[in-house]
$ cat start_25.csv   # CSV, C-alpha atoms and all ligand atoms
chain,number,residue,atom,x,y,z
A,1,MET,CA,-14.5,9.7,2.4
A,2,GLY,CA,-16.1,11.9,-0.3
A,3,GLY,CA,-14.6,12.4,-3.7
A,4,GLY,CA,-14.7,8.9,-5.0
A,5,LEU,CA,-11.3,7.7,-3.8
A,6,GLY,CA,-12.6,4.8,-1.8
A,7,ASP,CA,-13.1,4.4,2.0
A,8,GLU,CA,-10.9,6.5,4.2
A,9,GLY,CA,-9.8,3.5,6.1
A,10,PRO,CA,-6.9,3.9,8.6
A,11,ARG,CA,-5.2,6.9,6.9
A,12,GLY,CA,-7.0,9.7,8.7
A,13,SER,CA,-8.3,13.1,7.6
A,14,GLU,CA,-4.9,14.7,7.2
A,15,TYR,CA,-4.5,12.5,4.1
A,16,THR,CA,-6.9,14.8,2.3
A,17,GLU,CA,-4.2,17.5,2.5
A,18,LEU,CA,-2.0,15.4,0.2
A,19,LEU,CA,-4.8,15.3,-2.4
A,20,LYS,CA,-4.8,19.1,-2.8
A,21,PRO,CA,-3.2,20.5,-5.9
A,22,GLU,CA,0.0,22.5,-5.6
A,23,GLY,CA,-0.8,25.7,-7.6
A,24,PRO,CA,-1.7,24.4,-11.1
A,25,ILE,CA,-0.2,20.9,-10.5
A,26,VAL,CA,-2.6,18.2,-9.7
A,27,PHE,CA,-1.4,14.9,-8.3
A,28,ALA,CA,-2.7,11.4,-9.0
A,29,GLY,CA,-1.7,7.8,-8.4
A,30,GLU,CA,-2.7,4.7,-6.4
A,31,HIS,CA,-0.6,6.2,-3.5
A,32,LEU,CA,-3.1,9.1,-3.4
A,33,SER,CA,-6.2,6.8,-3.2
A,34,TYR,CA,-7.6,4.8,-0.3
A,35,LEU,CA,-7.1,1.7,-2.3
A,36,GLY,CA,-3.3,1.7,-2.3
A,37,LEU,CA,-1.5,-1.0,-4.3
A,38,TRP,CA,-4.4,-1.6,-6.7
A,39,GLN,CA,-5.1,-0.4,-10.2
A,40,GLU,CA,-8.6,0.5,-9.0
A,41,GLY,CA,-7.0,3.0,-6.7
A,42,SER,CA,-5.0,4.6,-9.5
A,43,ALA,CA,-8.1,4.8,-11.7
A,44,LEU,CA,-10.2,6.4,-8.9
A,45,SER,CA,-7.4,8.9,-8.2
A,46,ALA,CA,-7.1,9.8,-11.9
A,47,GLN,CA,-10.9,10.3,-12.0
A,48,HIS,CA,-10.7,12.6,-9.0
A,49,ALA,CA,-7.7,14.5,-10.5
A,50,LEU,CA,-9.6,15.1,-13.8
A,51,LYS,CA,-12.7,16.4,-12.0
A,52,LEU,CA,-10.4,18.8,-10.1
A,53,VAL,CA,-8.7,19.9,-13.3
A,54,GLN,CA,-12.2,20.5,-14.8
A,55,SER,CA,-13.3,22.6,-11.9
A,56,MET,CA,-10.1,24.6,-11.9
A,57,ALA,CA,-10.5,25.3,-15.6
A,58,SER,CA,-14.1,26.3,-15.1
A,59,GLU,CA,-13.1,28.7,-12.3
A,60,ARG,CA,-10.3,30.1,-14.4
A,61,ALA,CA,-12.7,30.6,-17.4
A,62,GLY,CA,-15.2,32.3,-15.1
A,63,LYS,CA,-12.6,34.7,-13.8
A,64,ALA,CA,-11.4,35.5,-17.4
A,65,ALA,CA,-15.0,36.2,-18.5
A,66,ALA,CA,-15.6,38.5,-15.5
A,67,ALA,CA,-12.5,40.5,-16.2
B,1,LIG,C1,4.3,-7.1,-9.6
B,1,LIG,C2,3.1,-6.3,-9.5
B,1,LIG,C3,1.8,-6.9,-9.7
B,1,LIG,C4,0.6,-6.2,-9.6
B,1,LIG,N1,-0.5,-6.8,-9.7
B,1,LIG,C5,-1.7,-6.1,-9.7
B,1,LIG,C6,-3.0,-6.7,-9.9
B,1,LIG,O1,-3.0,-7.9,-10.2
B,1,LIG,N2,-4.1,-6.0,-9.8
B,1,LIG,C7,-4.0,-4.6,-9.5
B,1,LIG,O2,-5.1,-4.0,-9.4
B,1,LIG,N3,-2.8,-4.0,-9.2
B,1,LIG,C8,-1.7,-4.7,-9.3
B,1,LIG,N4,-0.5,-4.1,-9.1
B,1,LIG,C9,-0.5,-2.7,-8.7
B,1,LIG,C10,-0.7,-1.8,-9.9
B,1,LIG,O3,0.3,-2.1,-10.8
B,1,LIG,C11,-0.5,-0.3,-9.4
B,1,LIG,O4,-1.4,-0.1,-8.3
B,1,LIG,C12,-0.7,0.7,-10.5
B,1,LIG,O5,0.1,0.4,-11.6
B,1,LIG,C13,-0.5,2.1,-10.0
B,1,LIG,O6,-0.7,3.0,-11.0
B,1,LIG,P1,-0.2,4.5,-10.9
B,1,LIG,O7,-0.6,5.1,-12.2
B,1,LIG,O8,-0.6,5.1,-9.6
B,1,LIG,O9,1.4,4.4,-10.8
B,1,LIG,P2,2.5,3.7,-11.8
B,1,LIG,O10,1.8,2.6,-12.6
B,1,LIG,O11,3.6,3.3,-10.9
B,1,LIG,O12,2.8,4.8,-12.8
B,1,LIG,C14,3.7,5.9,-12.5
B,1,LIG,C15,4.5,6.2,-13.7
B,1,LIG,O13,5.2,7.4,-13.5
B,1,LIG,C16,6.5,7.3,-14.0
B,1,LIG,N5,7.4,8.2,-13.3
B,1,LIG,C17,7.9,8.1,-12.1
B,1,LIG,N6,8.7,9.2,-11.8
B,1,LIG,C18,8.6,10.0,-12.9
B,1,LIG,C19,9.2,11.2,-13.2
B,1,LIG,N7,10.0,11.9,-12.3
B,1,LIG,N8,9.0,11.8,-14.4
B,1,LIG,C20,8.2,11.1,-15.3
B,1,LIG,N9,7.6,9.9,-15.0
B,1,LIG,C21,7.8,9.4,-13.8
B,1,LIG,C22,6.8,5.8,-13.9
B,1,LIG,O14,7.8,5.5,-14.8
B,1,LIG,C23,5.5,5.2,-14.1
B,1,LIG,O15,5.3,4.9,-15.5
B,1,LIG,C24,0.7,-4.8,-9.2
B,1,LIG,C25,2.0,-4.2,-9.0
B,1,LIG,C26,3.1,-4.9,-9.2
B,1,LIG,C27,4.4,-4.2,-9.0
$ encode --input "start_25.csv" --output "structure tokens"
Amino acid sequence: MGGGLGDEGPRGSEYTELLKPEGPIVFAGEHLSYLGLWQEGSALSAQHALKLVQSMASERAGKAAAA
């Protein structure tokens, strides 16, 4: 799977739905990685969440500048 959360493994594509933010709230944790039960999974998930927050902030700043 793309996005740096490890191999997709047996979890299936619908799992990516769980990775989407809920409005401004971004989720992270080993349970949201493909390396469940390991610290590496939580670190990868945190990295993914931070990238998402960064892109959401950039998008918001772009909209504010355009307004
Ligand atoms: C006994 C044991 C041994 C382990 N050994 C290893 C190992 O050797 N190597 C390895 O890689 N992994 C190991 N793990 C797994 C590793 O600990 C976890 O994968 C990792 O800690 C998950 O990190 P996380 O940030 O996703 O979740 P967590 O570390 O569980 O952090 C979640 C945090 O959220 C807090 N929280 C929960 N609900 C709320 C709420 N409503 N409001 C505010 N805060 C909340 C919790 O108190 C907790 O601090 C082990 C796990 C256990 C239990």
$ residues_near_ligand --input "start_25.csv" --ligand "ligand LIG 1 (chain B)" --cutoff "12 Å" --atoms "only C-alpha atoms and all ligand atoms" --output "ChimeraX atom specification"
/A:27-47,49
$ atom_distance --input "start_25.csv" --atom1 "CA of Ala66 (chain A)" --atom2 "CA of Lys20 (chain A)"
25.6 Å
$ atom_distance --input "start_25.csv" --atom1 "CA of Ile25 (chain A)" --atom2 "CA of Ser13 (chain A)"
21.3 Å
$ atom_distance --input "start_25.csv" --atom1 "CA of Lys51 (chain A)" --atom2 "CA of Ala67 (chain A)"
24.5 Å
$ decode --input "start_25.csv" --residues "region 9-46 of chain A" --atoms "N, CA and C atoms" --output "PDB file, in the first residue's frame"
ATOM      1  N   GLY A   9      -1.110  -6.343   3.263  1.00  0.00           N
ATOM      2  CA  GLY A   9      -1.369  -7.621   3.915  1.00  0.00           C
ATOM      3  C   GLY A   9      -2.791  -8.074   3.716  1.00  0.00           C
ATOM      4  N   PRO A  10      -3.371  -8.725   4.717  1.00  0.00           N
ATOM      5  CA  PRO A  10      -4.698  -9.314   4.553  1.00  0.00           C
ATOM      6  C   PRO A  10      -5.851  -8.353   4.829  1.00  0.00           C
ATOM      7  N   ARG A  11      -5.577  -7.089   5.089  1.00  0.00           N
ATOM      8  CA  ARG A  11      -6.647  -6.208   5.578  1.00  0.00           C
ATOM      9  C   ARG A  11      -7.567  -5.658   4.499  1.00  0.00           C
ATOM     10  N   GLY A  12      -7.136  -5.647   3.247  1.00  0.00           N
ATOM     11  CA  GLY A  12      -8.038  -5.229   2.184  1.00  0.00           C
ATOM     12  C   GLY A  12      -8.088  -3.729   1.987  1.00  0.00           C
ATOM     13  N   SER A  13      -8.608  -3.322   0.822  1.00  0.00           N
ATOM     14  CA  SER A  13      -8.563  -1.906   0.449  1.00  0.00           C
ATOM     15  C   SER A  13      -9.500  -1.041   1.284  1.00  0.00           C
ATOM     16  N   GLU A  14     -10.570  -1.636   1.825  1.00  0.00           N
ATOM     17  CA  GLU A  14     -11.509  -0.823   2.617  1.00  0.00           C
ATOM     18  C   GLU A  14     -10.844  -0.274   3.887  1.00  0.00           C
ATOM     19  N   TYR A  15      -9.719  -0.875   4.251  1.00  0.00           N
ATOM     20  CA  TYR A  15      -8.989  -0.411   5.431  1.00  0.00           C
ATOM     21  C   TYR A  15      -8.536   1.035   5.269  1.00  0.00           C
ATOM     22  N   THR A  16      -8.266   1.439   4.019  1.00  0.00           N
ATOM     23  CA  THR A  16      -7.820   2.819   3.775  1.00  0.00           C
ATOM     24  C   THR A  16      -8.896   3.817   4.208  1.00  0.00           C
ATOM     25  N   GLU A  17     -10.162   3.383   4.227  1.00  0.00           N
ATOM     26  CA  GLU A  17     -11.260   4.258   4.660  1.00  0.00           C
ATOM     27  C   GLU A  17     -11.033   4.704   6.107  1.00  0.00           C
ATOM     28  N   LEU A  18     -10.516   3.778   6.921  1.00  0.00           N
ATOM     29  CA  LEU A  18     -10.286   4.076   8.336  1.00  0.00           C
ATOM     30  C   LEU A  18      -9.167   5.092   8.536  1.00  0.00           C
ATOM     31  N   LEU A  19      -8.311   5.238   7.523  1.00  0.00           N
ATOM     32  CA  LEU A  19      -7.178   6.152   7.644  1.00  0.00           C
ATOM     33  C   LEU A  19      -7.563   7.590   7.328  1.00  0.00           C
ATOM     34  N   LYS A  20      -8.762   7.782   6.765  1.00  0.00           N
ATOM     35  CA  LYS A  20      -9.172   9.136   6.382  1.00  0.00           C
ATOM     36  C   LYS A  20      -9.540   9.949   7.615  1.00  0.00           C
ATOM     37  N   PRO A  21      -9.174  11.252   7.622  1.00  0.00           N
ATOM     38  CA  PRO A  21      -9.544  12.083   8.764  1.00  0.00           C
ATOM     39  C   PRO A  21     -11.054  12.303   8.832  1.00  0.00           C
ATOM     40  N   GLU A  22     -11.539  12.588  10.028  1.00  0.00           N
ATOM     41  CA  GLU A  22     -12.949  12.925  10.229  1.00  0.00           C
ATOM     42  C   GLU A  22     -12.999  14.434  10.439  1.00  0.00           C
ATOM     43  N   GLY A  23     -13.272  15.173   9.366  1.00  0.00           N
ATOM     44  CA  GLY A  23     -13.175  16.634   9.457  1.00  0.00           C
ATOM     45  C   GLY A  23     -11.741  17.014   9.790  1.00  0.00           C
ATOM     46  N   PRO A  24     -11.546  17.804  10.858  1.00  0.00           N
ATOM     47  CA  PRO A  24     -10.185  18.224  11.215  1.00  0.00           C
ATOM     48  C   PRO A  24      -9.444  17.187  12.072  1.00  0.00           C
ATOM     49  N   ILE A  25     -10.108  16.095  12.411  1.00  0.00           N
ATOM     50  CA  ILE A  25      -9.501  15.109  13.327  1.00  0.00           C
ATOM     51  C   ILE A  25      -8.791  14.016  12.533  1.00  0.00           C
ATOM     52  N   VAL A  26      -7.487  13.865  12.822  1.00  0.00           N
ATOM     53  CA  VAL A  26      -6.659  12.873  12.126  1.00  0.00           C
ATOM     54  C   VAL A  26      -6.321  11.756  13.111  1.00  0.00           C
ATOM     55  N   PHE A  27      -6.498  10.522  12.692  1.00  0.00           N
ATOM     56  CA  PHE A  27      -6.277   9.374  13.576  1.00  0.00           C
ATOM     57  C   PHE A  27      -4.904   8.763  13.347  1.00  0.00           C
ATOM     58  N   ALA A  28      -4.324   8.222  14.418  1.00  0.00           N
ATOM     59  CA  ALA A  28      -3.031   7.533  14.306  1.00  0.00           C
ATOM     60  C   ALA A  28      -2.944   6.459  15.383  1.00  0.00           C
ATOM     61  N   GLY A  29      -2.132   5.463  15.140  1.00  0.00           N
ATOM     62  CA  GLY A  29      -1.927   4.390  16.120  1.00  0.00           C
ATOM     63  C   GLY A  29      -1.548   3.111  15.397  1.00  0.00           C
ATOM     64  N   GLU A  30      -0.967   2.179  16.128  1.00  0.00           N
ATOM     65  CA  GLU A  30      -0.554   0.928  15.484  1.00  0.00           C
ATOM     66  C   GLU A  30      -1.733   0.197  14.854  1.00  0.00           C
ATOM     67  N   HIS A  31      -2.924   0.400  15.430  1.00  0.00           N
ATOM     68  CA  HIS A  31      -4.122  -0.254  14.900  1.00  0.00           C
ATOM     69  C   HIS A  31      -4.506   0.304  13.525  1.00  0.00           C
ATOM     70  N   LEU A  32      -3.933   1.473  13.169  1.00  0.00           N
ATOM     71  CA  LEU A  32      -4.205   2.066  11.860  1.00  0.00           C
ATOM     72  C   LEU A  32      -3.008   1.913  10.927  1.00  0.00           C
ATOM     73  N   SER A  33      -2.151   0.966  11.230  1.00  0.00           N
ATOM     74  CA  SER A  33      -1.035   0.658  10.344  1.00  0.00           C
ATOM     75  C   SER A  33      -1.234  -0.781   9.851  1.00  0.00           C
ATOM     76  N   TYR A  34      -0.377  -1.170   8.919  1.00  0.00           N
ATOM     77  CA  TYR A  34      -0.403  -2.561   8.473  1.00  0.00           C
ATOM     78  C   TYR A  34       0.628  -3.375   9.234  1.00  0.00           C
ATOM     79  N   LEU A  35       1.172  -2.767  10.282  1.00  0.00           N
ATOM     80  CA  LEU A  35       2.117  -3.475  11.151  1.00  0.00           C
ATOM     81  C   LEU A  35       1.551  -3.459  12.560  1.00  0.00           C
ATOM     82  N   GLY A  36       0.346  -3.982  12.706  1.00  0.00           N
ATOM     83  CA  GLY A  36      -0.342  -3.981  13.982  1.00  0.00           C
ATOM     84  C   GLY A  36       0.462  -4.686  15.062  1.00  0.00           C
ATOM     85  N   LEU A  37       0.314  -4.223  16.282  1.00  0.00           N
ATOM     86  CA  LEU A  37       0.929  -4.789  17.486  1.00  0.00           C
ATOM     87  C   LEU A  37       2.410  -4.444  17.630  1.00  0.00           C
ATOM     88  N   TRP A  38       2.927  -3.578  16.761  1.00  0.00           N
ATOM     89  CA  TRP A  38       4.347  -3.215  16.851  1.00  0.00           C
ATOM     90  C   TRP A  38       4.509  -1.715  16.923  1.00  0.00           C
ATOM     91  N   GLN A  39       5.565  -1.290  17.662  1.00  0.00           N
ATOM     92  CA  GLN A  39       5.877   0.139  17.751  1.00  0.00           C
ATOM     93  C   GLN A  39       6.171   0.722  16.373  1.00  0.00           C
ATOM     94  N   GLU A  40       6.752  -0.070  15.513  1.00  0.00           N
ATOM     95  CA  GLU A  40       7.038   0.416  14.159  1.00  0.00           C
ATOM     96  C   GLU A  40       5.744   0.847  13.464  1.00  0.00           C
ATOM     97  N   GLY A  41       4.681   0.082  13.688  1.00  0.00           N
ATOM     98  CA  GLY A  41       3.387   0.426  13.096  1.00  0.00           C
ATOM     99  C   GLY A  41       2.880   1.762  13.623  1.00  0.00           C
ATOM    100  N   SER A  42       3.028   1.998  14.927  1.00  0.00           N
ATOM    101  CA  SER A  42       2.553   3.271  15.477  1.00  0.00           C
ATOM    102  C   SER A  42       3.409   4.433  14.961  1.00  0.00           C
ATOM    103  N   ALA A  43       4.724   4.217  14.788  1.00  0.00           N
ATOM    104  CA  ALA A  43       5.595   5.275  14.264  1.00  0.00           C
ATOM    105  C   ALA A  43       5.242   5.587  12.807  1.00  0.00           C
ATOM    106  N   LEU A  44       5.003   4.551  12.017  1.00  0.00           N
ATOM    107  CA  LEU A  44       4.623   4.775  10.613  1.00  0.00           C
ATOM    108  C   LEU A  44       3.285   5.488  10.525  1.00  0.00           C
ATOM    109  N   SER A  45       2.365   5.096  11.398  1.00  0.00           N
ATOM    110  CA  SER A  45       1.048   5.731  11.397  1.00  0.00           C
ATOM    111  C   SER A  45       1.162   7.205  11.798  1.00  0.00           C
ATOM    112  N   ALA A  46       2.008   7.495  12.800  1.00  0.00           N
ATOM    113  CA  ALA A  46       2.203   8.887  13.235  1.00  0.00           C
ATOM    114  C   ALA A  46       2.807   9.714  12.101  1.00  0.00           C
TER     115      ALA A  46
END
